[in-house]
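Read the structure below first, then the notes.
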Amino acid sequence: ESIRFLEKLGAPFLLIIGLGLLAWAYVRAGGFGPMLSQPDKFADTGALLSFFFPALTGMVGFWATLSLNIPDFSRYARSQRDQVLGQALGLNTTMPLFSFIGVAVTSATVVIYGEEIWDPVVLMGRFTSAPVVMLSMLALAVATLTTNLAANVVAPANAFTNLAPTKITFRAGGVITGIIGILMMPWKLLADPTGYIFTWLIGYSALLGPIAGIIIADYFVLRKLELDLPALYREGEYSYSGGFNPRALVALGLAILPNIPGFLGTVGAIQASAAWMKLYDYAWFVGFGLAFGIYLSLSKVMPAKGR
């Protein structure tokens with residue numbers, strides 16, 4: 001309940017910050033005309049597309065985590081209609097708005113300060129009014145904390161709890177998640193936006209794409225949206241081999257494999273060819289498609305018991 005309360009608290013704070021920055025940029029830059037008048041920096045359409053599709057893959061990877069773990073939240077919905085409407089209205093309205101605010105305000109900083117400032121913390125540091133800075137930073141801190149608790153703590157905390165239900169509580173799982181999150185030093189990832197998008201986001205999209213492909217192939221195609229609820233908690237068709245689904249593991253490994261050379265080339269571990277690097281630009285889609293097809297094929301050749 002506390003997590004859900006904090007999630008509800010975070011959205012208004014983010015909206016207040018976003019609309020406040022947009023209003024400030026509108027006034028200081030002299031309207032939307034100057035704000036949105038900055039030309040693009042791509043030499044031609046080819047240069048735009050070569051940047052667009054890897055960036056698209058990175059954004060799909062960004063959302064792939066919540067997409068796979070949305071049952072942690074949707075299971076509390078009273079009906080299927082409630083969760084469909086909640087996601088459709090909540091995500092398809094706020095995210096385009098926040099994206100527009102980010103682009104518009106960043107573009108306005110070029111007009112106002114003569115340089116692009118995409119980080120809201122850096123931008124707020126340019127304000128001269130101490131009360132405004134203090135209130136803005138407080139709102140940003142609350143919004144960041146509450147949003148991350150809901151988006152980045154609930155799912156891994158549940159996962160750690162499921163590893164050892166009698167030993168790890170949800171609270172302990174959250175603490176473990178927090179410790180690992182600090183040890184990963186995420187501030188270093190965000191220090192370089194290019195590395196964050198094209199190395200980190202695309203890198204783990206290569207892992208999450210195959211997982212999504214397997215889940216969708218199994219639930220939507222093979223099981224036709226039907227699950228045997230009692231069998232989830234006893235020996236049966238979901239027991240597989242010692243608790244592991246070998247078809248899923250094989251599909252996962254084979255689907256990840258083609259993206260490894262591109263990832264190693266991106267981090268500088270090897271000199272990957274242009275073909276591997278281009279394939280890596282579509283890591284989530286490549287992994288999803290391969291895992292989807294391989295899992296369906298293996299399930300036809302070696303169907304699980306109870307199918």
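Each chain in the structure tokens gets a letter, A, B and so on, in the order shown; residues start at 1 in every chain, and ligands are counted from 1 in the order they appear.
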
Checklist line | Residues near range 191-194 of chain A, cut-off 12 Å, only C-alpha atoms, skip fewer than 3 positions along chain, as a ChimeraX atom specification | finding: /A:51,54-55,58,118-119,122,185-188,197-202,266

Go ahead and write the selection's residues with N, CA and C atoms as a PDB file, in the first residue's frame.
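Result written to result_15.pdb:
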```pdb
ATOM      1  N   PHE A  51      20.677   7.093 -36.705  1.00  0.00           N
ATOM      2  CA  PHE A  51      20.591   7.426 -35.278  1.00  0.00           C
ATOM      3  C   PHE A  51      19.232   7.010 -34.707  1.00  0.00           C
ATOM      4  N   PRO A  54      18.642   2.878 -33.718  1.00  0.00           N
ATOM      5  CA  PRO A  54      19.287   2.468 -32.460  1.00  0.00           C
ATOM      6  C   PRO A  54      18.679   3.161 -31.246  1.00  0.00           C
ATOM      7  N   ALA A  55      18.327   4.455 -31.399  1.00  0.00           N
ATOM      8  CA  ALA A  55      17.694   5.163 -30.284  1.00  0.00           C
ATOM      9  C   ALA A  55      16.332   4.556 -29.975  1.00  0.00           C
ATOM     10  N   GLY A  58      16.879   1.515 -28.000  1.00  0.00           N
ATOM     11  CA  GLY A  58      17.201   1.870 -26.627  1.00  0.00           C
ATOM     12  C   GLY A  58      15.962   2.226 -25.824  1.00  0.00           C
ATOM     13  N   TRP A 118      20.190  19.458 -20.938  1.00  0.00           N
ATOM     14  CA  TRP A 118      19.127  18.457 -20.891  1.00  0.00           C
ATOM     15  C   TRP A 118      18.867  17.960 -19.473  1.00  0.00           C
ATOM     16  N   ASP A 119      19.851  18.117 -18.581  1.00  0.00           N
ATOM     17  CA  ASP A 119      19.718  17.636 -17.217  1.00  0.00           C
ATOM     18  C   ASP A 119      18.955  18.668 -16.379  1.00  0.00           C
ATOM     19  N   VAL A 122      21.028  20.320 -13.545  1.00  0.00           N
ATOM     20  CA  VAL A 122      21.954  21.358 -14.028  1.00  0.00           C
ATOM     21  C   VAL A 122      21.183  22.620 -14.379  1.00  0.00           C
ATOM     22  N   MET A 185      26.459   1.962  -9.493  1.00  0.00           N
ATOM     23  CA  MET A 185      26.831   3.357  -9.770  1.00  0.00           C
ATOM     24  C   MET A 185      26.125   3.913 -11.005  1.00  0.00           C
ATOM     25  N   PRO A 186      24.793   4.002 -10.958  1.00  0.00           N
ATOM     26  CA  PRO A 186      24.039   4.456 -12.139  1.00  0.00           C
ATOM     27  C   PRO A 186      24.361   5.877 -12.563  1.00  0.00           C
ATOM     28  N   TRP A 187      24.886   6.695 -11.635  1.00  0.00           N
ATOM     29  CA  TRP A 187      25.235   8.058 -12.011  1.00  0.00           C
ATOM     30  C   TRP A 187      26.329   8.088 -13.069  1.00  0.00           C
ATOM     31  N   LYS A 188      27.161   7.043 -13.107  1.00  0.00           N
ATOM     32  CA  LYS A 188      28.189   6.979 -14.140  1.00  0.00           C
ATOM     33  C   LYS A 188      27.564   6.687 -15.506  1.00  0.00           C
ATOM     34  N   ILE A 197      22.358   5.286 -23.615  1.00  0.00           N
ATOM     35  CA  ILE A 197      21.362   4.818 -24.582  1.00  0.00           C
ATOM     36  C   ILE A 197      21.900   3.677 -25.425  1.00  0.00           C
ATOM     37  N   PHE A 198      23.070   3.874 -26.033  1.00  0.00           N
ATOM     38  CA  PHE A 198      23.536   2.940 -27.043  1.00  0.00           C
ATOM     39  C   PHE A 198      24.339   1.766 -26.484  1.00  0.00           C
ATOM     40  N   THR A 199      24.795   1.869 -25.249  1.00  0.00           N
ATOM     41  CA  THR A 199      25.496   0.732 -24.642  1.00  0.00           C
ATOM     42  C   THR A 199      24.617   0.038 -23.615  1.00  0.00           C
ATOM     43  N   TRP A 200      24.145   0.801 -22.624  1.00  0.00           N
ATOM     44  CA  TRP A 200      23.384   0.198 -21.528  1.00  0.00           C
ATOM     45  C   TRP A 200      21.988  -0.235 -21.973  1.00  0.00           C
ATOM     46  N   LEU A 201      21.203   0.693 -22.505  1.00  0.00           N
ATOM     47  CA  LEU A 201      19.814   0.365 -22.844  1.00  0.00           C
ATOM     48  C   LEU A 201      19.730  -0.683 -23.949  1.00  0.00           C
ATOM     49  N   ILE A 202      20.486  -0.497 -25.007  1.00  0.00           N
ATOM     50  CA  ILE A 202      20.458  -1.498 -26.083  1.00  0.00           C
ATOM     51  C   ILE A 202      21.037  -2.810 -25.591  1.00  0.00           C
ATOM     52  N   THR A 266      30.648  -2.584 -29.163  1.00  0.00           N
ATOM     53  CA  THR A 266      30.250  -1.287 -28.622  1.00  0.00           C
ATOM     54  C   THR A 266      31.094  -0.901 -27.415  1.00  0.00           C
TER      55      THR A 266
END
```

Notebook entry, point to check: Do you know which residues are at most 8 Å from Met277 in chain A counting only C-alpha atoms, after dropping those on the same chain fewer than 6 positions away, and could you put them as a PyMOL selection string?
Noted result: chain A and resi 261-263+265-266

Note to self: Which of range 36-284 of chain A end up as helix (DSSP H, G or I) when DSSP is run on this backbone - answer as a PyMOL selection string?
What the structure shows: chain A and resi 45-69+71-74+80-113+120-124+130-163+170-183+186-191+193-222+230-233+246-266+274-280+283-284

Next item on the list: Quick one: everything within 12 Å of Leu19 in chain A, counting only C-alpha atoms, minus sequence neighbours fewer than 6 positions away in the same chain. Send it as a VMD selection string.
Entry: chain A and resid 12 to 13 25 to 26 94 97 to 102 104 to 105 136

Next item on the list: Counting only C-alpha atoms, figure out which residue out of A:Ala155, A:Ile112, A:Ile294, A:Leu140 gets nearest to Gly20 in chain A.
Entry: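 Distance minimum relative to Gly20 in chain A lands on A:Leu140.
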
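Closest approach to Pro71 in chain A from the set A:Leu21, A:Phe52, A:Asn158, A:Thr128 is made by A:Asn158, with distances taken over only C-alpha atoms.
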
Next item on the list: May I have the residues within 7 Å of range 252-257 of chain A as number ranges by chain, using only C-alpha atoms and disregarding those fewer than 5 positions away in the same chain?
Entry: A: 206-207, 210-211, 287, 290-291
